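Engineer: I'd like to ask you about the structure that follows.
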Amino acid sequence: EVQLQQSGPELVKPGASMKISCKASGYSFTGYTMNWVKQSHGKNLEWIGLINPYNGGTSYNQKFKGKATLTVDKSSSTAYMELLSLTSEDSAVYYCARHSYGNYLDYWGQGTTLTVSS
Amino acid sequence: EILLTQSPAIIAASPGEKVTITCSASSSVSYMNWYQQKPGSSPKIWIYGISNLASGVPARFSGSGSGTSFSFTINSMEAEDVATYYCQQRSSYPLTFGAGTKLELK
């Protein structure tokens, strides 16, 4: 069974950085690209970017360049997203989602809630 | 960036009623996906490649369209269909989503 298990909720102060993890299981981790999606206010979905776990290649939404950094650890089948210089605008739920060969996001993590507040 | 405009933003339907949601793209796309999201849960792929139902999706759902105009239809509304539905294009990066249509039970 394919599963994407994300790290728990985070409360961080403005200006700080933090990293969300997404541990994949039930499939070949290096065989599928991993996407990250932001959901603000419980509604709007924004694509942040993707990473190819096989070679580490990345593609970012221009809006999130400098804000998000995507990495993977193949040895543990885990994808990471680091968010930098956090502000209240970064408070949201963040999802990792696998990119299927059919060109849709077929499996999603449970989401990680980030709250940026002093 | 391709903008996707969904309408309506909110719709209420009675059991058995037909429901149609539209998604208009700012540029022509060749591939449209739809996701279902229920409160407190992650989005789920519902329809992919314009008209293909994801595994386990009931046959009362359908998708159609081409170019810049796409639609998502429920032939006969059921209580379990209450959710928010999002369109998503993958014809060009960045991937973009519509703002969502919240479907309620009347």
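Residue numbers start at 1 in each chain; chains themselves are named A, B, ... in the order of the structure tokens; ligands are numbered from 1 in the order shown.
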Determine which residues of chain A receive a DSSP assignment of helix (DSSP H, G or I), computed from the backbone, and state them as a CSV table (one decimal) with N, CA and C atoms, in the first residue's frame.

Structural biologist:
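Printed below is out_10.csv as written:
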```
chain,number,residue,atom,x,y,z
A,29,PHE,N,10.6,4.5,-4.3
A,29,PHE,CA,10.7,6.0,-4.1
A,29,PHE,C,11.3,6.7,-5.2
A,30,THR,N,12.3,6.1,-5.8
A,30,THR,CA,13.1,6.8,-6.9
A,30,THR,C,12.3,6.7,-8.3
A,31,GLY,N,11.2,6.0,-8.3
A,31,GLY,CA,10.5,5.9,-9.6
A,31,GLY,C,9.5,7.0,-9.9
A,62,GLN,N,7.8,29.7,-9.6
A,62,GLN,CA,8.6,31.0,-9.4
A,62,GLN,C,8.2,31.7,-8.1
A,63,LYS,N,7.0,31.6,-7.7
A,63,LYS,CA,6.5,32.3,-6.5
A,63,LYS,C,7.2,31.8,-5.3
A,64,PHE,N,7.7,30.5,-5.3
A,64,PHE,CA,8.2,29.9,-4.1
A,64,PHE,C,9.8,29.8,-4.2
A,74,LYS,N,17.4,9.3,-0.3
A,74,LYS,CA,17.0,8.1,-0.9
A,74,LYS,C,17.1,6.9,0.1
A,75,SER,N,18.1,7.0,1.0
A,75,SER,CA,18.3,5.9,1.9
A,75,SER,C,17.1,5.6,2.8
A,76,SER,N,16.4,6.7,3.1
A,76,SER,CA,15.2,6.5,4.0
A,76,SER,C,13.9,6.8,3.2
A,88,SER,N,3.8,35.3,8.5
A,88,SER,CA,2.5,34.8,8.8
A,88,SER,C,1.8,34.3,7.5
A,89,GLU,N,2.3,34.8,6.3
A,89,GLU,CA,1.7,34.4,5.0
A,89,GLU,C,2.1,32.9,4.7
A,90,ASP,N,3.0,32.4,5.4
A,90,ASP,CA,3.4,31.0,5.2
A,90,ASP,C,2.6,30.0,6.1
```

Engineer: Using only C-alpha atoms, find the residues of chain B whose closest atom to chain A is at most 6 Å away, then write them as a CSV table (one decimal) with all heavy atoms, in the first residue's frame.

Structural biologist:
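New file iface.csv:
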```csv
chain,number,residue,atom,x,y,z
B,42,SER,N,-7.0,15.1,3.0
B,42,SER,CA,-6.2,15.5,1.9
B,42,SER,C,-7.0,15.4,0.6
B,42,SER,O,-8.0,14.6,0.6
B,42,SER,CB,-5.0,14.6,1.8
B,42,SER,OG,-4.2,14.5,3.0
B,45,ILE,N,-7.4,12.3,-5.9
B,45,ILE,CA,-7.7,12.4,-7.4
B,45,ILE,C,-9.1,11.7,-7.6
B,45,ILE,O,-9.4,10.7,-7.1
B,45,ILE,CB,-6.6,11.7,-8.2
B,45,ILE,CG1,-6.8,11.8,-9.7
B,45,ILE,CG2,-6.4,10.2,-7.8
B,45,ILE,CD1,-6.8,13.2,-10.2
B,94,PRO,N,4.0,26.5,-13.9
B,94,PRO,CA,3.6,25.7,-12.7
B,94,PRO,C,2.3,25.0,-12.9
B,94,PRO,O,1.4,25.5,-13.5
B,94,PRO,CB,3.6,26.8,-11.7
B,94,PRO,CG,3.2,28.0,-12.4
B,94,PRO,CD,3.8,27.9,-13.7
B,95,LEU,N,2.1,23.8,-12.2
B,95,LEU,CA,0.8,23.2,-12.1
B,95,LEU,C,-0.1,24.2,-11.4
B,95,LEU,O,0.4,24.9,-10.5
B,95,LEU,CB,0.9,22.0,-11.3
B,95,LEU,CG,1.8,20.9,-11.8
B,95,LEU,CD1,1.7,19.6,-10.9
B,95,LEU,CD2,1.6,20.5,-13.2
B,99,ALA,N,-9.9,27.5,-7.8
B,99,ALA,CA,-10.2,28.0,-6.5
B,99,ALA,C,-11.1,27.0,-5.7
B,99,ALA,O,-11.3,27.2,-4.5
B,99,ALA,CB,-10.7,29.4,-6.5
```

Engineer: Skip Pro9 in chain A itself and residues of its chain fewer than 4 positions away, then list as an MDAnalysis selection string all residues within 6 Å of it, counting only C-alpha atoms.

Structural biologist: chainID A and resid 112:114

Engineer: Between B:Val19, B:Ala83, B:Ala12, B:Ile50, which residue has the minimum interatomic distance to Gly65 in chain B, considering only C-alpha atoms?

Structural biologist: B:Ile50

Engineer: From the DSSP assignment of the backbone, select every residue of chain A that is strand (DSSP E), and format the answer as an MDAnalysis selection string.

Structural biologist: chainID A and resid 3:6 10:12 18:25 34:40 44:51 58:60 68:73 78:83 92:99 105:108 112:116

Engineer: Could you pull the residues within 8 Å of range 71-82 of chain B, counting only C-alpha atoms, minus those fewer than 3 positions along the same chain, as a CSV table (one decimal) with N, CA and C atoms, in the first residue's frame?

Structural biologist:
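around_31.csv was written with the following content:
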```csv
chain,number,residue,atom,x,y,z
B,13,ALA,N,-27.2,21.1,-3.8
B,13,ALA,CA,-28.0,20.2,-4.6
B,13,ALA,C,-28.8,19.3,-3.7
B,14,SER,N,-29.9,18.9,-4.2
B,14,SER,CA,-30.8,17.9,-3.5
B,14,SER,C,-30.4,16.5,-3.9
B,15,PRO,N,-30.6,15.6,-3.1
B,15,PRO,CA,-30.4,14.2,-3.5
B,15,PRO,C,-31.1,13.9,-4.8
B,16,GLY,N,-30.3,13.2,-5.8
B,16,GLY,CA,-30.9,12.9,-7.1
B,16,GLY,C,-30.7,14.0,-8.1
B,17,GLU,N,-30.3,15.2,-7.7
B,17,GLU,CA,-30.2,16.3,-8.6
B,17,GLU,C,-28.9,16.2,-9.4
B,18,LYS,N,-28.9,16.7,-10.6
B,18,LYS,CA,-27.7,16.7,-11.5
B,18,LYS,C,-26.9,18.0,-11.1
B,19,VAL,N,-25.6,17.8,-11.0
B,19,VAL,CA,-24.7,18.9,-10.6
B,19,VAL,C,-23.6,19.1,-11.7
B,20,THR,N,-23.4,20.3,-12.1
B,20,THR,CA,-22.3,20.6,-13.1
B,20,THR,C,-21.4,21.7,-12.6
B,21,ILE,N,-20.1,21.5,-12.6
B,21,ILE,CA,-19.1,22.5,-12.2
B,21,ILE,C,-18.3,22.7,-13.5
B,22,THR,N,-18.0,24.0,-13.7
B,22,THR,CA,-17.1,24.3,-14.9
B,22,THR,C,-15.8,24.8,-14.4
B,23,CYS,N,-14.8,24.7,-15.3
B,23,CYS,CA,-13.5,25.1,-15.1
B,23,CYS,C,-13.0,25.7,-16.4
B,34,TRP,N,-9.4,16.5,-11.8
B,34,TRP,CA,-10.3,17.0,-10.8
B,34,TRP,C,-10.0,16.2,-9.5
B,38,LYS,N,-12.5,16.5,1.3
B,38,LYS,CA,-13.5,16.6,2.4
B,38,LYS,C,-12.8,17.2,3.5
B,60,ARG,N,-21.5,7.7,-11.4
B,60,ARG,CA,-22.4,8.9,-11.6
B,60,ARG,C,-21.6,10.2,-11.8
B,61,PHE,N,-20.2,10.1,-11.7
B,61,PHE,CA,-19.4,11.2,-11.9
B,61,PHE,C,-18.8,11.1,-13.4
B,62,SER,N,-18.6,12.3,-14.0
B,62,SER,CA,-18.1,12.3,-15.3
B,62,SER,C,-17.4,13.6,-15.5
B,63,GLY,N,-16.4,13.6,-16.5
B,63,GLY,CA,-15.7,14.9,-16.8
B,63,GLY,C,-15.7,15.0,-18.4
B,64,SER,N,-15.6,16.2,-18.8
B,64,SER,CA,-15.6,16.4,-20.3
B,64,SER,C,-14.9,17.8,-20.5
B,65,GLY,N,-14.7,18.1,-21.8
B,65,GLY,CA,-14.2,19.4,-22.2
B,65,GLY,C,-13.0,19.3,-23.1
B,102,LYS,N,-17.4,24.4,-3.6
B,102,LYS,CA,-17.9,23.7,-2.5
B,102,LYS,C,-19.3,23.2,-2.8
B,103,LEU,N,-19.5,21.9,-2.7
B,103,LEU,CA,-20.8,21.2,-3.0
B,103,LEU,C,-21.5,20.9,-1.7
B,104,GLU,N,-22.6,21.4,-1.5
B,104,GLU,CA,-23.4,21.2,-0.3
B,104,GLU,C,-24.7,20.4,-0.6
B,105,LEU,N,-25.3,19.8,0.4
B,105,LEU,CA,-26.5,19.1,0.3
B,105,LEU,C,-27.7,20.0,0.6
```

Engineer: Name all residues at most 8 Å from Ile20 in chain A (count only C-alpha atoms; drop same-chain ones fewer than 4 positions away) and give them as an NGL selection string.

Structural biologist: :A and (6-7 or 80-82 or 112)

Engineer: Got time to write the residues from that selection, N, CA, C and O atoms, as a compact mmCIF listing (two decimals), in the first residue's frame?

Structural biologist:
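Result went into result_29.txt, see below:
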```txt
# COMPACT_ATOMS: atom_id res chain seq x y z
N GLN A 6 3.70 12.35 6.64
CA GLN A 6 4.34 13.64 6.87
C GLN A 6 4.60 13.88 8.36
O GLN A 6 3.95 13.28 9.23
N SER A 7 5.53 14.78 8.62
CA SER A 7 5.85 15.16 9.99
C SER A 7 4.70 15.98 10.59
O SER A 7 3.80 16.44 9.88
N TYR A 80 11.95 16.04 1.66
CA TYR A 80 11.93 17.15 2.61
C TYR A 80 11.63 18.45 1.87
O TYR A 80 12.03 18.64 0.73
N MET A 81 10.96 19.34 2.60
CA MET A 81 10.79 20.70 2.12
C MET A 81 11.18 21.65 3.24
O MET A 81 10.59 21.59 4.33
N GLU A 82 12.18 22.48 2.98
CA GLU A 82 12.59 23.48 3.94
C GLU A 82 11.96 24.81 3.54
O GLU A 82 12.04 25.21 2.37
N THR A 112 0.78 18.75 6.68
CA THR A 112 1.46 19.28 7.86
C THR A 112 1.01 20.73 8.05
O THR A 112 1.15 21.55 7.13
```

Engineer: Give me, please, the distance in Å between CA of Val116 in chain A and CA of Ser17 in chain A, quoted to one decimal.

Structural biologist: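 Going from CA of Val116 in chain A over to CA of Ser17 in chain A, I get 10.1 Å.
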
Engineer: Between CA of Met18 in chain A and CA of Gln37 in chain B, what is the distance, to one decimal in Å?

Structural biologist: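 Taking CA of Met18 in chain A and CA of Gln37 in chain B, their separation equals 26.4 Å.
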
Engineer: Which residues are close to Thr101 in chain B, i.e. within 9 Å by only C-alpha atoms, leaving aside same-chain residues fewer than 6 positions away? Reply as an MDAnalysis selection string.

Structural biologist: chainID B and resid 6:11 21 83:86
